[in-house]
Structure formats: structure tokens, C-alpha cells
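To start, the structure itself, in C-alpha cells.
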Amino acid sequence: MNVIYILWLRQMKRYVRSRSRIVGAIGQPLLFLLALGYGLGAVYEQAGEGDYLQFLVPGIIIQTLLFSGVFWGVQILFDKRFGFLKEMLVAPVSRLRILLGNALGGATISITQAILVLIISFALGFRPYDWWLLPVAFLIMVALGLMLTSFGAAIASMVEDFQGFQSINNFLIFPLFFLSSTLYPLTNAPDILRIIGSLNPLSYAVDALRFVLINQTHFGITKDLIVIGVALVVSIVFAVNRFNRIEA
Amino acid sequence: MPKPIIVAENVVKRFGKITAVNGISFEVKAGEIFAFLGPNGAGKSTTIKMLTTMLRPTSGRLILNGHDVTREQDRARKSFGIVFQDPSLEEELTAYENMQFHAVLYGVPRNDQGKRIESLMRLVDLWERKDSMVKTYSGGMRRRLEIARGLLHHPKVLFLDEPTLGLDTQTRNLMWDYVKKLSKSEGMTIFFTTHYLDEAEAVAGRIAIVDHGNIVATGNSNALTKQTGTKRLEQAYLKLTGESIRDETSLSNDGLAVRTQLRNSRLR
């Protein structure tokens, strides 16, 4: 068995064995879908923007990736606090491979969750513009999953305790989520929101997914893909850099 | 005379302004059972952390099994096994899975994995419980599993950082029996730290008494009592390290605590 595989396998085993985590991680996006999708749907339609659920689903998929990816960073924090990280760090294996194995595990988990949310949204009435483009949507989700787990790993490497992680969550993750185009279109948004939203890489990810799933785009797909690519590379470099600095 | 398997030359470790290890030098021969004895914050754990590549020394040189610990990390890492002061098992995996994880991480040949895991888990009397989640294990069982795991890749040196902390007398005796047996049968070098003087006296071939980040005396229990003109190791120990209880700063002289403390003082 390969080192990266066993690191990945351990993450999978943990995930499959804690069913409450699976339910919990899907519960939140589902709540958003139901409450916002149905709650704001009528208003959105009256404003002449069309079906809000169609608009919302790509955003909620990105939200799932964001929250489960970054929360997965807690795993590294857990390993740090409960000692298992030491076992990995003194092994004759490079830090890069340890990070890679773990982050691939985290990405697999968050992509699985995003796919579950997508399946549920089909049941709720969401219809993609072209079913044949679903594999492309999947590729975008993979890129996002990798990017956000790396980001989560980097953050977890930097903080010592759960309180620290919580405050990063409040001051970074929630603004990233709310100040992007996940929940509302940027086109008619007030200037300040539109400017902040245009600086937020997450907006481009949502935009790319919207283009693929419902054929609607704000920035244009080329720009979206460039931003996603750059953000992916930056997150990975950031994660490797931070993870290398951990002292057990 | 056998070649030394562990060499420390003038090793210093500073955390900011605090000096945890202050120019320590010693040698451990292959096959020896060597104990580090000292009050809280004397620098025992910090030394072990440097020897096991968890911390980088500020200056000085550490050689393990012929490999420079800071320059040839991977080779040094393959040469030792460690039982950490704090638990380091994955609770959500079974005991067997924990062992397997370690075997893969250390590149134990695939064909040997099953055999080695079984024989070690039998040695520490855990084979019957191999498929239980580690979270259902008691403190003593966890320690035994950690020892078995530390031996899985046939290390030349086994580090034990306060391995018997919080264990009952039965488990302690059992554990030291295993360790002594291994040292004899495999010629394995054992390096351990402890607070229990009786343990050091009974198990260690040679004891180094450490205080304020340096070694104040080395020798077997007899030599130490003779040197200090005392009758028992405890008296020798107290004579060498003083009767006073350590203050807060030196109490928390291990790496993590010091870093936390530095951070706190900066926040204040």
C-alpha cells in the first residue's frame, strides 16, 4: 500500500464511520436550499429574474464545498491536539506527501457532499440546462474541493486551538460566503457589494458552475476559469508553506 | 567498546529568551538502556523532541545511528521508534488499522506486515482486541499498543518519553518487562525519561540526571549515590537537583507550552 493511499483511506474510514457528520454537513446546505429557495423564490420571480431555485443551486453547491472543505481543516487541528499528527510527522515521509494524502481525503469528502446536495436538488426540482455538461460541472467541483481543503489545511496549520479556528471561520469564511454571488446576482447589486463580490474568488467559482449548469454568467467563463486556476495554485502553495512550518 | 548509537554534542535549544536545553552533550552505546531523570522543565522532553526530529536544535549536533538528525531526517527517522509522552493513536481506527497505518508509513515490506503486526500485538496481549476501536481502549492498553507500534519497523533505538505516566503498577511492571526483554533479545537501545526514581534504578543501565537544561551527573545508581555520598538514588537525586519545587517558567519548559506562553505574554 502506498503512503498517500493509506492517508486518504484513513480519512475515508473516519468519514464513513461518523454518520452524524455526514447528516450534519448536508443539513445546512439543505436548509439554505429549502428556506431560501422556496422562501425567496416568489419574490425573485416577481422581480422578473426567473426561477430562484435554478439560480441558487450552483451557489449552494459551492457553499457545501466551502464549508466542508474548510471545516475539514479541523481534522488537522484535531490531529494536532490529540497527538496523531506527531505520529505522521516523525515518520520517514515528506511533509508534502503527508499533506497531499490528507488533503486528497478531505477533498474527496467535500466533493462527495457536494454531489449529494446536487442529487437532492434534482429531487427538489432543479434541472440543469444541459445534462451532458454535468461531467464539466464535476471537474469544476473537483478543482474547488482541492482548493478549499488546501485553504482549510493552511488555516488549521496556523492556529493552535479551536477558538482560533472559530474566529477565522466567523471573520473569513462567512464573509467569503455572503459577499460573493452565491445567494444573489451581482448584476443588479449595489456598487459596494458588486465590487467586493468581484474581488472574491468564490464568485468566479459560482459563476463558472452557473454557466455550466444553467447557462448564465456574470464574468464570462474564461475569466472564471483563470481565477479558479490561480486560486487553486495559490491555495496549494499556501497550504504547503504553512504545513511545513508546523512543529509537533 | 561498541560505537555510540546516540551522540549529542553541545546541543542548545532556545524558545525566544528561554533556554530549554543549554549545551547538553552525551553518548549512548548501542544496546544500552539509558534514562533521563530530572525535575519538570529540566529539558528532558525537549531533548527527546530534538533527537526525534520534532524540534530543530538552535545549535549543536545530534547523531542517531550514524545519521545527522537535522541533515538526514528520513534516515534518522527510520532508525528510531517513539512512544510519546501524550497519546498519539487514531481513536477512530481499530488497533490493527493503527498498526497497519504505521507499517505503511514506515515502508515495512508488504509481506512482513501481517506477521509482524500479529507477533507484536500478541507480545503486548492485544491480539484478541485487534479489531476494537482504539477509543474503547483503556489507558494501559493504549500505551501497550503504542509500544507495539513503536517497534513495528524494527528500530535501532526506542525512545520512551515518560511512558508510564498515569499507568497502574501492574501495567508498569508488565511494560518494563517487555522493554527489557526486547533490549536483550534484539539488542535494541532504549532511551527513556521518567519521574519515577525506582523505575530508573530498576531498568536503566545508566542514568543521566538533568537539570536546568544540562546534565549534572551520569552513571548507574551506585555511582550516583557514591558520587554524592548518599545511600539511595532518591537522596542523590535531591542532592543534585535541590529540594525546591520548580516555578511556573521552568515547569512548562517543553516546546509547545513555551510557545503558548510566549504567545500569551505577547498578547498581554
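Each chain in the C-alpha cells gets a letter, A, B and so on, in the order shown; residues start at 1 in every chain, and ligands are counted from 1 in the order they appear.
Backbone DSSP over segment 112-252 of chain B yields strand (DSSP E) at Val157, Leu158, Phe159, Leu160, Asp161, Thr189, Ile190, Phe191, Phe192, Thr193, Thr194, Arg206, Ile207, Ala208, Ile209, Val210, Asp211, Asn214, Ile215, Val216, Ala217, Thr218 and Gly219 of chain B.
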Report as CSV the residues of chain B within 8 Å of chain A, each with its shortest atom pair and distance in Å (one decimal), using only C-alpha atoms, ordered by chain and increasing residue number.
```
residue,atom,partner,partner_atom,distance
B:Thr52,CA,A:Val90,CA,6.9
B:Thr53,CA,A:Val90,CA,6.6
B:Met54,CA,A:Ala248,CA,5.6
B:Leu55,CA,A:Glu247,CA,6.5
B:Gln73,CA,A:Pro92,CA,7.5
B:Asp74,CA,A:Pro92,CA,4.6
B:Arg75,CA,A:Pro92,CA,7.3
B:Arg77,CA,A:Pro92,CA,5.3
B:Lys78,CA,A:Pro92,CA,6.0
B:Asp86,CA,A:Gly83,CA,6.8
B:Pro87,CA,A:Gly83,CA,5.9
B:Ser88,CA,A:Gly83,CA,4.2
B:Leu89,CA,A:Phe84,CA,5.5
B:Glu90,CA,A:Phe84,CA,5.9
B:Glu92,CA,A:Arg14,CA,6.1
B:Leu93,CA,A:Arg14,CA,7.4
B:Phe101,CA,A:Ile6,CA,6.4
B:Val104,CA,A:Val3,CA,6.0
B:Leu105,CA,A:Val3,CA,5.6
B:Tyr106,CA,A:Pro92,CA,6.2
B:Arg110,CA,A:Met1,CA,7.5
B:Leu256,CA,A:Ala248,CA,7.8
```
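Residue nearest Leu99 of chain A, chosen from A:Val240, A:Val212, A:Leu139, A:Ala123 and counting only C-alpha atoms: A:Val240.
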Can you list, as a short mmCIF file (atom, residue, chain, number, x, y, z; two decimals) with C-alpha atoms, in the first residue's frame, every protein, DNA or RNA residue that comes within 12 Å of Gly164 of chain A when you count only C-alpha atoms, leaving out same-chain residues fewer than 6 positions away?
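Generated output (out.cif):
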```cif
data_model
loop_
_atom_site.label_atom_id
_atom_site.label_comp_id
_atom_site.auth_asym_id
_atom_site.auth_seq_id
_atom_site.Cartn_x
_atom_site.Cartn_y
_atom_site.Cartn_z
CA VAL A 74 -10.48 20.96 11.88
CA LEU A 77 -6.34 20.64 14.32
CA ILE A 155 -5.60 27.79 8.22
CA ALA A 156 -5.59 24.82 10.58
CA SER A 157 -1.79 24.71 10.42
CA MET A 158 -1.64 28.31 11.54
CA ASN A 170 -16.51 33.99 11.57
CA PHE A 171 -14.24 36.62 10.10
CA LEU A 172 -13.20 34.89 6.92
#
```
